[in-house]
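*Asks:* The structure follows.
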Amino acid sequence: MDRKKIREKLMIKPVTLTHLNQFNELLRYVFQVTESDLEEGGYEDDQEIAKAKRPVLKAADVIGWFDKKDDQLVSQLAIYPCQVNIHGKIYQMAGLTGVGTYPEYANLGLMKELISLGLTKMREKEQWISYLYPYNIPYYRRKGWEIISDRMTFKIRDSQLPKAINVPGTVEREPIDHPDVPHIYNAFAKQNHGAMIRDELAWEEYWRWENEEERIAAIYYDANNQPTGFCLYWIAEEIFHIKELIYLNQEARKGLWNFITAHFSMIHYVEGTTYKNEPIAFLFDDSEITETITPYFMARIVDAEKFIQHYPFQTTTEPFHFVITDPIADWNNRMISLTWDEQGELTLGDTPVGQPVTLDIQTLTSLLMSYKRPTYLHKIERLQTDSTTLKHLEGLISNETAYFSDYF
C-alpha cells in the first residue's frame, strides 16, 4: 500500500484515558521498556505502570494518529504542563514527552504534523518555551529544539573523598518523601536558572523509574535547624550512589560531603550525577577524578516575540533587531526589534531598528538560555551580526548556565 493510501486510513485526535493501555504499549515498544526495567523501577507488572501513568495522561495534552477502522493508536506525543525558572522569571513550559510512532507507520510525516499541532496548542496555552529529553538530537534539532543543559557524571575513589570540615549544622537521614526535601528543592529552583518548579505530579515523575524503597534522603540542617541541603542516595555493592545533591549555600555543601566521607570504611567509590556545567573536581584536594559531561535536555522557544517580551535582560543597550527563521512554527519566521526607553522599559516591534542579529530558532534558544555565549555562536557562524552589537548581547544575557535534573 502506498503512503497516500496509508495516510487516508488515519486521523488525528486527542488521546484520552480510554486509550491508556494503547498509550503505554506504544511507549514500551518505542522505548524498549523491558520486564527488568519495570522490576528495577519497583513495578510488578504492566498494569501497575499503566495505573501510575494515569495522572500524567490526565494532566497532559496528548494527541495521536489513529487507524479509523479499529481506533488503534499508531503515533503520539504528550505535552506536559510545567513551570521553569528562566533567569529568575517563572515561565509556563511545555514538556514534550511520550513521542513515538510504530515503525510500520514511519516516514509518513505523522510526527511532523503532530509536532506542528503541538506547538500551536502550546502557543494557545501561553507556554512560550518547550523542554524535552532527546532520544535523537539531530531529529529534534531539525524540529527547532536545541541543547540547553548538560548532565555530568562523576566517579570518586574512597581515598579521594574530601576531608571533613567543621560546620555548625548536622545531617539527618530521612525517607525521600520527607517534607523538607521539596521545601529545599523549591528554594533551590527559585535560585537556579533553568530549574523546574516541581508540583506533586512532577515529583512522581522524578521517581518514576527509581526503586524508592531503596533510596534515602540525607538532609542538612544549619545551627538554627533550618533545612538547607539534601543528598538523595543509595548504597549498593560498596558504591555510594548519588542521585542528586542540592544545597542552598556552601555550608550545606560541606556538611553533605562530610556525611558522604563518613562512609569511607563502607565503600570503595562514590558515583553520582550533577546537572550543571560546573565540574566538582576543582572543589577537591585530589582533583584527579573521572568526570563525564554529556548533553541532557533540549528546549525550543515556542513564540519568540512573547518569550523575548517577558525575558529578564540584565541591562539595556542600543536598539537592534533579531531576524529569525523557524523550520515549523511559521509565526517565528520574522523580524523582532528591541528598543529600550530611558526608564529601561523594553518595546518590541516588527520593523528593523539598529543592527540585525540573524539566527534560527535553535540558536536563539541556546543564546537566551545561556547554554552558549553570543561570541561563541558568532564564531561558529550560528549567529550573524556586527562586533558592536555582539558586545551588547554579551552584556544583555546572563552568564548563568541552566540546571535541570528532571526527566519526563
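Within each chain, counting starts at residue 1; across the C-alpha cells, chains are named A, B, ... in the order shown, with ligands numbered 1 upward in that order.
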Sorted by chain and rising residue number, list the residues of region 292-345 of chain A at most 12 Å from region 178-200 of chain A (counting only C-alpha atoms), each with its closest atom pair and distance in Å to one decimal, as CSV.

*Replies:*
residue,atom,partner,partner_atom,distance
A:Phe297,CA,A:Gly194,CA,10.3
A:Met298,CA,A:Gly194,CA,11.1
A:Ala299,CA,A:Gly194,CA,10.3
A:Pro312,CA,A:His193,CA,11.3

*Asks:* Need to verify the contact set: region 214-217 of chain A, 7 Å, only C-alpha atoms, exclusion of same-chain residues closer than 6 positions in sequence. Can you return it as a short mmCIF file (atom, residue, chain, number, x, y, z; two decimals) with N, CA and C atoms, in the first residue's frame?

*Replies:*
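Saved file selection-v2.cif follows:
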data_model
loop_
_atom_site.label_atom_id
_atom_site.label_comp_id
_atom_site.auth_asym_id
_atom_site.auth_seq_id
_atom_site.Cartn_x
_atom_site.Cartn_y
_atom_site.Cartn_z
N ARG A 173 19.31 11.41 58.41
CA ARG A 173 18.79 10.51 57.38
C ARG A 173 17.28 10.41 57.50
N GLU A 174 16.59 10.62 56.39
CA GLU A 174 15.13 10.62 56.39
C GLU A 174 14.60 9.89 55.16
N PRO A 175 13.31 9.52 55.14
CA PRO A 175 12.70 8.98 53.92
C PRO A 175 12.72 10.03 52.82
N ILE A 176 12.70 9.59 51.57
CA ILE A 176 12.79 10.55 50.46
C ILE A 176 11.55 11.43 50.34
N PHE A 230 20.17 18.74 50.66
CA PHE A 230 19.90 17.31 50.78
C PHE A 230 20.72 16.53 49.76
N CYS A 231 20.92 15.27 50.08
CA CYS A 231 21.56 14.32 49.17
C CYS A 231 20.64 13.10 49.08
N LEU A 232 20.17 12.78 47.88
CA LEU A 232 19.36 11.59 47.65
C LEU A 232 20.30 10.49 47.18
N TYR A 233 20.33 9.38 47.90
CA TYR A 233 21.38 8.39 47.63
C TYR A 233 20.92 6.97 47.97
N TRP A 234 21.75 6.01 47.55
CA TRP A 234 21.62 4.63 47.99
C TRP A 234 23.01 4.00 47.93
#

*Asks:* Nearest residue to Asp177 (chain A) out of A:Leu132, A:Gln226, A:Trp203, A:Asn333, using only C-alpha atoms?

*Replies:*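 Of all the options, A:Trp203 lies closest to Asp177 (chain A).
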
*Asks:* Could you tell me, as a PDB file with C-alpha atoms, in the first residue's frame, which residues of region 155-213 of chain A DSSP assigns to strand (DSSP E) when given the backbone?

*Replies:*
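out_25.pdb written:
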ATOM      1  CA  LYS A 155      33.332   8.701  39.981  1.00  0.00           C
ATOM      2  CA  ILE A 156      35.454   9.233  43.098  1.00  0.00           C
ATOM      3  CA  ARG A 157      37.651   6.682  44.855  1.00  0.00           C
ATOM      4  CA  THR A 170      24.052  18.374  61.267  1.00  0.00           C
ATOM      5  CA  VAL A 171      22.826  15.799  58.753  1.00  0.00           C
ATOM      6  CA  GLU A 172      19.828  13.571  59.386  1.00  0.00           C
ATOM      7  CA  ARG A 173      18.794  10.513  57.376  1.00  0.00           C
ATOM      8  CA  GLU A 174      15.128  10.616  56.393  1.00  0.00           C
TER       9      GLU A 174
END

*Asks:* May I have the residues within 10 Å of Val270 (chain A) as a JSON list (two decimals) with all heavy atoms, in the first residue's frame, using only C-alpha atoms and disregarding those fewer than 6 positions away in the same chain?

*Replies:*
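Generated file (part_10.json):
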[["chain", "number", "residue", "atom", "x", "y", "z"],
["A", 154, "PHE", "N", 30.15, 11.56, 37.69],
["A", 154, "PHE", "CA", 31.49, 11.54, 38.27],
["A", 154, "PHE", "C", 31.70, 10.26, 39.07],
["A", 154, "PHE", "O", 30.74, 9.63, 39.55],
["A", 154, "PHE", "CB", 31.72, 12.77, 39.15],
["A", 154, "PHE", "CG", 30.71, 12.99, 40.23],
["A", 154, "PHE", "CD1", 30.84, 12.39, 41.48],
["A", 154, "PHE", "CD2", 29.60, 13.81, 40.02],
["A", 154, "PHE", "CE1", 29.91, 12.58, 42.48],
["A", 154, "PHE", "CE2", 28.66, 14.02, 41.00],
["A", 154, "PHE", "CZ", 28.81, 13.40, 42.25],
["A", 155, "LYS", "N", 32.95, 9.89, 39.22],
["A", 155, "LYS", "CA", 33.33, 8.70, 39.98],
["A", 155, "LYS", "C", 34.54, 9.05, 40.83],
["A", 155, "LYS", "O", 35.56, 9.51, 40.31],
["A", 155, "LYS", "CB", 33.64, 7.53, 39.06],
["A", 155, "LYS", "CG", 33.92, 6.21, 39.77],
["A", 155, "LYS", "CD", 34.06, 5.07, 38.77],
["A", 155, "LYS", "CE", 34.24, 3.74, 39.49],
["A", 155, "LYS", "NZ", 34.33, 2.61, 38.53],
["A", 156, "ILE", "N", 34.43, 8.83, 42.15],
["A", 156, "ILE", "CA", 35.45, 9.23, 43.10],
["A", 156, "ILE", "C", 35.88, 8.02, 43.92],
["A", 156, "ILE", "O", 35.03, 7.31, 44.48],
["A", 156, "ILE", "CB", 34.91, 10.32, 44.06],
["A", 156, "ILE", "CG1", 34.32, 11.49, 43.27],
["A", 156, "ILE", "CG2", 35.99, 10.81, 45.01],
["A", 156, "ILE", "CD1", 33.47, 12.42, 44.10],
["A", 157, "ARG", "N", 37.15, 7.75, 44.00],
["A", 157, "ARG", "CA", 37.65, 6.68, 44.86],
["A", 157, "ARG", "C", 37.50, 7.08, 46.32],
["A", 157, "ARG", "O", 37.52, 8.27, 46.67],
["A", 157, "ARG", "CB", 39.12, 6.37, 44.56],
["A", 157, "ARG", "CG", 39.37, 5.83, 43.16],
["A", 157, "ARG", "CD", 40.79, 5.26, 43.05],
["A", 157, "ARG", "NE", 41.80, 6.21, 43.48],
["A", 157, "ARG", "CZ", 42.38, 7.10, 42.69],
["A", 157, "ARG", "NH1", 42.02, 7.18, 41.40],
["A", 157, "ARG", "NH2", 43.30, 7.93, 43.15],
["A", 158, "ASP", "N", 37.40, 6.10, 47.20],
["A", 158, "ASP", "CA", 37.26, 6.40, 48.63],
["A", 158, "ASP", "C", 38.42, 7.23, 49.15],
["A", 158, "ASP", "O", 38.25, 8.12, 49.99],
["A", 158, "ASP", "CB", 37.11, 5.11, 49.44],
["A", 158, "ASP", "CG", 38.23, 4.10, 49.18],
["A", 158, "ASP", "OD1", 39.13, 4.39, 48.36],
["A", 158, "ASP", "OD2", 38.21, 3.03, 49.81],
["A", 160, "GLN", "N", 39.92, 9.53, 47.64],
["A", 160, "GLN", "CA", 39.87, 10.89, 47.10],
["A", 160, "GLN", "C", 38.78, 11.74, 47.75],
["A", 160, "GLN", "O", 38.65, 12.92, 47.44],
["A", 160, "GLN", "CB", 39.61, 10.85, 45.58],
["A", 160, "GLN", "CG", 40.74, 10.22, 44.78],
["A", 160, "GLN", "CD", 40.36, 10.09, 43.32],
["A", 160, "GLN", "OE1", 39.34, 9.49, 42.98],
["A", 160, "GLN", "NE2", 41.19, 10.67, 42.45],
["A", 161, "LEU", "N", 38.02, 11.16, 48.65],
["A", 161, "LEU", "CA", 36.95, 11.91, 49.29],
["A", 161, "LEU", "C", 37.52, 13.08, 50.09],
["A", 161, "LEU", "O", 38.60, 12.96, 50.68],
["A", 161, "LEU", "CB", 36.14, 10.99, 50.20],
["A", 161, "LEU", "CG", 35.23, 9.99, 49.47],
["A", 161, "LEU", "CD1", 34.69, 8.95, 50.45],
["A", 161, "LEU", "CD2", 34.08, 10.72, 48.79],
["A", 235, "ILE", "N", 23.19, 2.93, 48.68],
["A", 235, "ILE", "CA", 24.47, 2.23, 48.70],
["A", 235, "ILE", "C", 24.25, 0.80, 48.22],
["A", 235, "ILE", "O", 23.34, 0.11, 48.69],
["A", 235, "ILE", "CB", 25.07, 2.21, 50.13],
["A", 235, "ILE", "CG1", 25.29, 3.64, 50.62],
["A", 235, "ILE", "CG2", 26.38, 1.42, 50.15],
["A", 235, "ILE", "CD1", 25.73, 3.72, 52.07],
["A", 238, "GLU", "N", 29.16, -1.74, 47.64],
["A", 238, "GLU", "CA", 30.25, -0.90, 48.13],
["A", 238, "GLU", "C", 30.45, 0.37, 47.29],
["A", 238, "GLU", "O", 31.54, 0.91, 47.19],
["A", 238, "GLU", "CB", 31.56, -1.70, 48.21],
["A", 238, "GLU", "CG", 31.45, -2.89, 49.17],
["A", 238, "GLU", "CD", 32.74, -3.66, 49.28],
["A", 238, "GLU", "OE1", 33.31, -4.02, 48.23],
["A", 238, "GLU", "OE2", 33.17, -3.91, 50.43],
["A", 239, "ILE", "N", 29.34, 0.84, 46.68],
["A", 239, "ILE", "CA", 29.34, 2.10, 45.94],
["A", 239, "ILE", "C", 28.27, 3.00, 46.53],
["A", 239, "ILE", "O", 27.12, 2.59, 46.71],
["A", 239, "ILE", "CB", 29.09, 1.89, 44.43],
["A", 239, "ILE", "CG1", 30.19, 1.03, 43.81],
["A", 239, "ILE", "CG2", 29.00, 3.24, 43.71],
["A", 239, "ILE", "CD1", 29.91, 0.65, 42.37],
["A", 240, "PHE", "N", 28.65, 4.23, 46.84],
["A", 240, "PHE", "CA", 27.71, 5.25, 47.31],
["A", 240, "PHE", "C", 27.19, 5.97, 46.07],
["A", 240, "PHE", "O", 27.93, 6.71, 45.41],
["A", 240, "PHE", "CB", 28.44, 6.22, 48.24],
["A", 240, "PHE", "CG", 27.53, 7.17, 48.98],
["A", 240, "PHE", "CD1", 27.27, 6.99, 50.33],
["A", 240, "PHE", "CD2", 26.97, 8.27, 48.34],
["A", 240, "PHE", "CE1", 26.45, 7.88, 51.03],
["A", 240, "PHE", "CE2", 26.15, 9.16, 49.02],
["A", 240, "PHE", "CZ", 25.89, 8.96, 50.38],
["A", 241, "HIS", "N", 25.92, 5.76, 45.73],
["A", 241, "HIS", "CA", 25.31, 6.34, 44.54],
["A", 241, "HIS", "C", 24.57, 7.62, 44.90],
["A", 241, "HIS", "O", 23.68, 7.59, 45.76],
["A", 241, "HIS", "CB", 24.32, 5.36, 43.89],
["A", 241, "HIS", "CG", 24.94, 4.10, 43.40],
["A", 241, "HIS", "ND1", 25.44, 3.96, 42.12],
["A", 241, "HIS", "CD2", 25.15, 2.91, 44.02],
["A", 241, "HIS", "CE1", 25.91, 2.74, 41.96],
["A", 241, "HIS", "NE2", 25.75, 2.08, 43.10],
["A", 242, "ILE", "N", 24.91, 8.72, 44.27],
["A", 242, "ILE", "CA", 24.23, 9.99, 44.48],
["A", 242, "ILE", "C", 23.27, 10.26, 43.32],
["A", 242, "ILE", "O", 23.70, 10.39, 42.18],
["A", 242, "ILE", "CB", 25.22, 11.16, 44.59],
["A", 242, "ILE", "CG1", 26.16, 10.96, 45.78],
["A", 242, "ILE", "CG2", 24.48, 12.49, 44.74],
["A", 242, "ILE", "CD1", 27.27, 12.00, 45.87],
["A", 260, "ILE", "N", 28.97, 12.16, 53.34],
["A", 260, "ILE", "CA", 29.39, 11.16, 52.35],
["A", 260, "ILE", "C", 30.75, 10.57, 52.73],
["A", 260, "ILE", "O", 30.95, 9.35, 52.70],
["A", 260, "ILE", "CB", 29.43, 11.79, 50.95],
["A", 260, "ILE", "CG1", 28.02, 12.23, 50.52],
["A", 260, "ILE", "CG2", 30.00, 10.81, 49.92],
["A", 260, "ILE", "CD1", 27.99, 13.14, 49.30],
["A", 261, "THR", "N", 31.67, 11.43, 53.13],
["A", 261, "THR", "CA", 33.01, 10.97, 53.51],
["A", 261, "THR", "C", 32.96, 10.05, 54.73],
["A", 261, "THR", "O", 33.80, 9.15, 54.86],
["A", 261, "THR", "CB", 33.92, 12.19, 53.81],
["A", 261, "THR", "OG1", 34.06, 12.96, 52.61],
["A", 261, "THR", "CG2", 35.30, 11.76, 54.29],
["A", 263, "HIS", "N", 31.24, 7.65, 55.17],
["A", 263, "HIS", "CA", 31.03, 6.28, 54.72],
["A", 263, "HIS", "C", 32.32, 5.63, 54.21],
["A", 263, "HIS", "O", 32.29, 4.56, 53.61],
["A", 263, "HIS", "CB", 29.98, 6.26, 53.60],
["A", 263, "HIS", "CG", 28.59, 6.60, 54.07],
["A", 263, "HIS", "ND1", 28.19, 7.90, 54.32],
["A", 263, "HIS", "CD2", 27.52, 5.81, 54.35],
["A", 263, "HIS", "CE1", 26.92, 7.90, 54.71],
["A", 263, "HIS", "NE2", 26.50, 6.65, 54.75],
["A", 264, "PHE", "N", 33.45, 6.28, 54.46],
["A", 264, "PHE", "CA", 34.75, 5.85, 53.94],
["A", 264, "PHE", "C", 35.00, 4.36, 54.13],
["A", 264, "PHE", "O", 35.47, 3.67, 53.22],
["A", 264, "PHE", "CB", 35.86, 6.67, 54.61],
["A", 264, "PHE", "CG", 37.24, 6.27, 54.22],
["A", 264, "PHE", "CD1", 37.83, 6.76, 53.06],
["A", 264, "PHE", "CD2", 37.97, 5.37, 55.00],
["A", 264, "PHE", "CE1", 39.12, 6.39, 52.70],
["A", 264, "PHE", "CE2", 39.26, 4.99, 54.64],
["A", 264, "PHE", "CZ", 39.83, 5.50, 53.48]]

*Asks:* Go through A:Val167, A:Leu57, A:Ile79, A:Ile6 one by one, measure the shortest atom-to-atom distance of each to His19 (chain A) using only C-alpha atoms, and give the residue with the smallest value.

*Replies:* A:Leu57

*Asks:* Restricting the calculation to only C-alpha atoms, which member of A:Val302, A:Leu396, A:Leu367, A:Ala402 is positioned closest to Glu124 (chain A)?

*Replies:*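 Comparing A:Val302, A:Leu396, A:Leu367, A:Ala402 against Glu124 (chain A), the winner is A:Val302.
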
*Asks:* Just give me the gap between CA of Arg373 (chain A) and CA of Lys306 (chain A) in Å, one decimal is fine.

*Replies:*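 Going from CA of Arg373 (chain A) over to CA of Lys306 (chain A) covers 21.7 Å.
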
*Asks:* As a list of chain:residue names, please: the residues near Ile324 (chain A) (cut-off 6 Å, only C-alpha atoms, same-chain neighbours under 5 positions excluded).

*Replies:* A:Asn333, A:Arg334, A:Leu359, A:Asp360

*Asks:* With only C-alpha atoms as the atoms that count, which of A:Thr365, A:Thr347, A:Asn21, A:Ser75 lies nearest to Ala106 (chain A)?

*Replies:*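 Of all the options, A:Ser75 lies closest to Ala106 (chain A).
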
*Asks:* Rank nothing, just name the residue among A:Met152, A:Val62, A:Ile397, A:Ile328 nearest to Thr274 (chain A), using only C-alpha atoms.

*Replies:*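 Among the listed residues, A:Met152 lies closest to Thr274 (chain A).
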
*Asks:* Counting only C-alpha atoms, which of A:Ile147, A:Val30, A:Val56, A:Ala218 gets nearest to Gly100 (chain A)?

*Replies:* A:Val30

*Asks:* For Ser398 (chain A), please output as a ChimeraX atom specification all residues within 9 Å (counting only C-alpha atoms; exclusion window: fewer than 6 positions along the same chain).

*Replies:* /A:87,312-314,368-370

*Asks:* Could you write out that same residue set with all heavy atoms as a CSV table (one decimal), in the first residue's frame?

*Replies:*
chain,number,residue,atom,x,y,z
A,87,HIS,N,16.3,32.6,34.4
A,87,HIS,CA,17.0,33.8,34.9
A,87,HIS,C,16.1,34.6,35.9
A,87,HIS,O,16.0,35.8,35.9
A,87,HIS,CB,17.5,34.7,33.8
A,87,HIS,CG,18.5,34.0,32.9
A,87,HIS,ND1,19.7,33.5,33.4
A,87,HIS,CD2,18.6,33.8,31.6
A,87,HIS,CE1,20.4,33.0,32.5
A,87,HIS,NE2,19.7,33.2,31.3
A,312,PRO,N,14.1,38.4,31.1
A,312,PRO,CA,14.8,39.3,32.1
A,312,PRO,C,16.2,39.6,31.6
A,312,PRO,O,17.2,39.1,32.1
A,312,PRO,CB,14.8,38.5,33.4
A,312,PRO,CG,14.8,37.1,32.9
A,312,PRO,CD,14.1,37.0,31.7
A,313,PHE,N,16.3,40.6,30.6
A,313,PHE,CA,17.6,41.0,30.2
A,313,PHE,C,18.3,41.7,31.4
A,313,PHE,O,17.7,42.3,32.2
A,313,PHE,CB,17.5,42.0,29.0
A,313,PHE,CG,17.0,41.3,27.8
A,313,PHE,CD1,15.7,41.5,27.3
A,313,PHE,CD2,17.9,40.6,27.0
A,313,PHE,CE1,15.3,40.9,26.1
A,313,PHE,CE2,17.5,40.0,25.8
A,313,PHE,CZ,16.2,40.1,25.4
A,314,GLN,N,19.7,41.6,31.4
A,314,GLN,CA,20.4,42.1,32.5
A,314,GLN,C,20.5,43.6,32.5
A,314,GLN,O,20.7,44.2,33.6
A,314,GLN,CB,21.9,41.5,32.5
A,314,GLN,CG,21.9,40.1,32.9
A,314,GLN,CD,23.3,39.7,33.3
A,314,GLN,OE1,23.6,39.2,34.4
A,314,GLN,NE2,24.3,39.9,32.4
A,368,LEU,N,19.5,32.6,24.6
A,368,LEU,CA,18.7,33.2,25.7
A,368,LEU,C,18.7,32.2,26.9
A,368,LEU,O,18.4,32.7,28.0
A,368,LEU,CB,17.3,33.5,25.2
A,368,LEU,CG,17.2,34.6,24.1
A,368,LEU,CD1,15.8,35.0,23.8
A,368,LEU,CD2,18.0,35.9,24.6
A,369,MET,N,18.9,31.0,26.7
A,369,MET,CA,19.0,30.0,27.8
A,369,MET,C,20.4,30.0,28.3
A,369,MET,O,20.7,29.2,29.3
A,369,MET,CB,18.6,28.6,27.4
A,369,MET,CG,17.1,28.5,27.1
A,369,MET,SD,16.1,28.9,28.6
A,369,MET,CE,16.5,27.5,29.6
A,370,SER,N,21.3,30.7,27.7
A,370,SER,CA,22.7,30.9,28.2
A,370,SER,C,23.5,29.6,28.1
A,370,SER,O,24.5,29.4,28.9
A,370,SER,CB,22.8,31.4,29.6
A,370,SER,OG,22.2,32.7,29.7

*Asks:* Residues near Lys13 (chain A), anyone? I mean within 12 Å using only C-alpha atoms, not counting same-chain ones fewer than 5 positions away, as a compact mmCIF listing (two decimals) with all heavy atoms, in the first residue's frame.

*Replies:*
# COMPACT_ATOMS: atom_id res chain seq x y z
N HIS A 19 -7.69 5.38 26.18
CA HIS A 19 -6.60 4.83 25.37
C HIS A 19 -5.35 4.57 26.20
O HIS A 19 -4.26 4.42 25.66
CB HIS A 19 -6.24 5.80 24.23
CG HIS A 19 -7.39 6.22 23.38
ND1 HIS A 19 -7.92 7.49 23.40
CD2 HIS A 19 -8.13 5.52 22.48
CE1 HIS A 19 -8.91 7.57 22.55
NE2 HIS A 19 -9.08 6.39 21.97
N ASP A 61 -1.67 17.18 27.66
CA ASP A 61 -2.43 17.34 26.42
C ASP A 61 -1.82 16.36 25.43
O ASP A 61 -0.74 16.58 24.90
CB ASP A 61 -2.30 18.78 25.92
CG ASP A 61 -3.30 19.09 24.83
OD1 ASP A 61 -3.98 18.17 24.35
OD2 ASP A 61 -3.40 20.28 24.43
N VAL A 62 -2.50 15.22 25.22
CA VAL A 62 -1.94 14.14 24.40
C VAL A 62 -2.72 14.05 23.09
O VAL A 62 -3.95 14.02 23.09
CB VAL A 62 -1.99 12.78 25.14
CG1 VAL A 62 -1.21 11.73 24.36
CG2 VAL A 62 -1.44 12.93 26.54
N ILE A 63 -2.00 14.02 21.99
CA ILE A 63 -2.62 13.89 20.67
C ILE A 63 -1.96 12.75 19.91
O ILE A 63 -0.78 12.42 20.15
CB ILE A 63 -2.54 15.20 19.85
CG1 ILE A 63 -1.10 15.75 19.84
CG2 ILE A 63 -3.51 16.23 20.37
CD1 ILE A 63 -0.93 17.00 19.00
N GLY A 64 -2.72 12.11 19.02
CA GLY A 64 -2.16 10.99 18.30
C GLY A 64 -2.86 10.73 16.98
O GLY A 64 -3.93 11.27 16.71
N TRP A 65 -2.22 9.90 16.19
CA TRP A 65 -2.81 9.40 14.95
C TRP A 65 -3.44 8.04 15.25
O TRP A 65 -2.81 7.18 15.88
CB TRP A 65 -1.75 9.23 13.86
CG TRP A 65 -1.30 10.50 13.22
CD1 TRP A 65 -0.21 11.25 13.55
CD2 TRP A 65 -1.90 11.14 12.10
NE1 TRP A 65 -0.09 12.34 12.71
CE2 TRP A 65 -1.12 12.30 11.80
CE3 TRP A 65 -3.02 10.88 11.30
CZ2 TRP A 65 -1.42 13.16 10.75
CZ3 TRP A 65 -3.32 11.74 10.25
CH2 TRP A 65 -2.53 12.87 10.00
N PHE A 66 -4.67 7.84 14.78
CA PHE A 66 -5.39 6.59 14.99
C PHE A 66 -5.82 6.00 13.65
O PHE A 66 -6.12 6.73 12.70
CB PHE A 66 -6.66 6.82 15.82
CG PHE A 66 -6.41 7.13 17.26
CD1 PHE A 66 -6.06 8.42 17.66
CD2 PHE A 66 -6.55 6.15 18.23
CE1 PHE A 66 -5.85 8.72 19.00
CE2 PHE A 66 -6.33 6.45 19.57
CZ PHE A 66 -5.98 7.73 19.96
N ASP A 67 -5.87 4.67 13.61
CA ASP A 67 -6.46 3.98 12.46
C ASP A 67 -7.98 4.16 12.57
O ASP A 67 -8.59 3.84 13.60
CB ASP A 67 -6.10 2.49 12.50
CG ASP A 67 -6.49 1.76 11.22
OD1 ASP A 67 -7.67 1.85 10.84
OD2 ASP A 67 -5.63 1.10 10.63
N LYS A 68 -8.58 4.69 11.52
CA LYS A 68 -10.01 4.98 11.54
C LYS A 68 -10.84 3.72 11.73
O LYS A 68 -11.93 3.74 12.34
CB LYS A 68 -10.44 5.67 10.24
CG LYS A 68 -9.82 7.03 10.01
CD LYS A 68 -10.24 7.58 8.65
CE LYS A 68 -9.57 8.91 8.35
NZ LYS A 68 -9.93 9.41 6.99
N ASP A 71 -9.69 2.15 15.59
CA ASP A 71 -9.32 3.10 16.65
C ASP A 71 -8.00 2.71 17.31
O ASP A 71 -7.81 2.91 18.51
CB ASP A 71 -10.43 3.19 17.70
CG ASP A 71 -10.36 4.51 18.48
OD1 ASP A 71 -10.03 5.55 17.88
OD2 ASP A 71 -10.62 4.49 19.70
N GLN A 72 -7.08 2.17 16.52
CA GLN A 72 -5.77 1.76 17.03
C GLN A 72 -4.81 2.95 16.98
O GLN A 72 -4.63 3.58 15.94
CB GLN A 72 -5.21 0.61 16.20
CG GLN A 72 -3.83 0.14 16.63
CD GLN A 72 -3.82 -0.47 18.01
OE1 GLN A 72 -4.75 -1.18 18.39
NE2 GLN A 72 -2.78 -0.19 18.78
N LEU A 73 -4.19 3.26 18.10
CA LEU A 73 -3.22 4.35 18.20
C LEU A 73 -1.91 3.93 17.53
O LEU A 73 -1.34 2.89 17.87
CB LEU A 73 -2.97 4.69 19.67
CG LEU A 73 -1.96 5.79 19.99
CD1 LEU A 73 -2.43 7.14 19.46
CD2 LEU A 73 -1.73 5.87 21.51
N VAL A 74 -1.39 4.76 16.60
CA VAL A 74 -0.18 4.39 15.87
C VAL A 74 0.95 5.40 16.04
O VAL A 74 2.11 5.09 15.76
CB VAL A 74 -0.47 4.18 14.37
CG1 VAL A 74 -1.53 3.10 14.17
CG2 VAL A 74 -0.87 5.48 13.68
N SER A 75 0.62 6.62 16.49
CA SER A 75 1.64 7.65 16.68
C SER A 75 1.12 8.65 17.70
O SER A 75 -0.08 8.95 17.71
CB SER A 75 1.95 8.35 15.35
OG SER A 75 2.94 9.34 15.50
N GLN A 76 2.00 9.17 18.56
CA GLN A 76 1.52 10.03 19.64
C GLN A 76 2.60 10.97 20.14
O GLN A 76 3.79 10.76 19.92
CB GLN A 76 1.04 9.18 20.82
CG GLN A 76 2.18 8.47 21.54
CD GLN A 76 1.72 7.55 22.64
OE1 GLN A 76 0.58 7.11 22.67
NE2 GLN A 76 2.63 7.22 23.56
N LEU A 77 2.15 12.03 20.83
CA LEU A 77 3.02 12.87 21.64
C LEU A 77 2.19 13.45 22.77
O LEU A 77 0.97 13.61 22.65
CB LEU A 77 3.73 13.96 20.84
CG LEU A 77 2.93 15.06 20.13
CD1 LEU A 77 2.43 16.12 21.10
CD2 LEU A 77 3.82 15.73 19.09
N GLU A 113 3.48 16.49 11.66
CA GLU A 113 2.17 17.14 11.81
C GLU A 113 1.77 17.21 13.27
O GLU A 113 1.17 18.20 13.72
CB GLU A 113 1.13 16.39 10.99
CG GLU A 113 1.27 16.61 9.49
CD GLU A 113 0.03 16.18 8.72
OE1 GLU A 113 -1.08 16.38 9.24
OE2 GLU A 113 0.19 15.65 7.61
N LEU A 114 2.08 16.16 14.05
CA LEU A 114 1.76 16.19 15.48
C LEU A 114 2.54 17.30 16.19
O LEU A 114 1.99 18.01 17.02
CB LEU A 114 2.09 14.84 16.13
CG LEU A 114 1.12 13.67 15.86
CD1 LEU A 114 1.62 12.42 16.56
CD2 LEU A 114 -0.29 14.01 16.30
N LEU A 117 1.04 20.68 15.28
CA LEU A 117 -0.19 20.90 16.03
C LEU A 117 0.12 21.13 17.50
O LEU A 117 -0.49 21.99 18.15
CB LEU A 117 -1.11 19.69 15.86
CG LEU A 117 -2.44 19.72 16.62
CD1 LEU A 117 -3.26 20.95 16.24
CD2 LEU A 117 -3.24 18.44 16.36
N GLY A 118 1.11 20.39 18.02
CA GLY A 118 1.50 20.55 19.42
C GLY A 118 2.01 21.95 19.71
O GLY A 118 1.67 22.55 20.74

*Asks:* Enumerate as a ChimeraX atom specification all residues of region 257-375 of chain A assigned to helix (DSSP H, G or I) by DSSP on the backbone, naming them with the chain letters and numbers the document uses.

*Replies:* /A:257-261,281-283,304-310,330-332,361-368,374-375

*Asks:* Find the residues of region 104-134 of chain A that sit at most 10 Å from region 140-145 of chain A; for each, write down the nearest two atoms and how far apart they are in Å, to one decimal. Count only C-alpha atoms. Sort by chain, then by number going up, and give it as a tab-separated table.

*Replies:*
residue	atom	partner	partner_atom	distance
A:Lys112	CA	A:Lys143	CA	8.0
A:Ile115	CA	A:Lys143	CA	8.1
A:Ser116	CA	A:Lys143	CA	9.1
A:Ile129	CA	A:Trp145	CA	9.9
A:Ser130	CA	A:Trp145	CA	8.3
A:Tyr131	CA	A:Trp145	CA	8.1
A:Leu132	CA	A:Trp145	CA	8.4
A:Tyr133	CA	A:Tyr140	CA	9.7
A:Pro134	CA	A:Tyr140	CA	7.0

*Asks:* How far is it from CA of Glu146 (chain A) to CA of Leu108 (chain A), in Å with one decimal?

*Replies:*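 According to the coordinates, CA of Glu146 (chain A) and CA of Leu108 (chain A) are separated by 23.9 Å.
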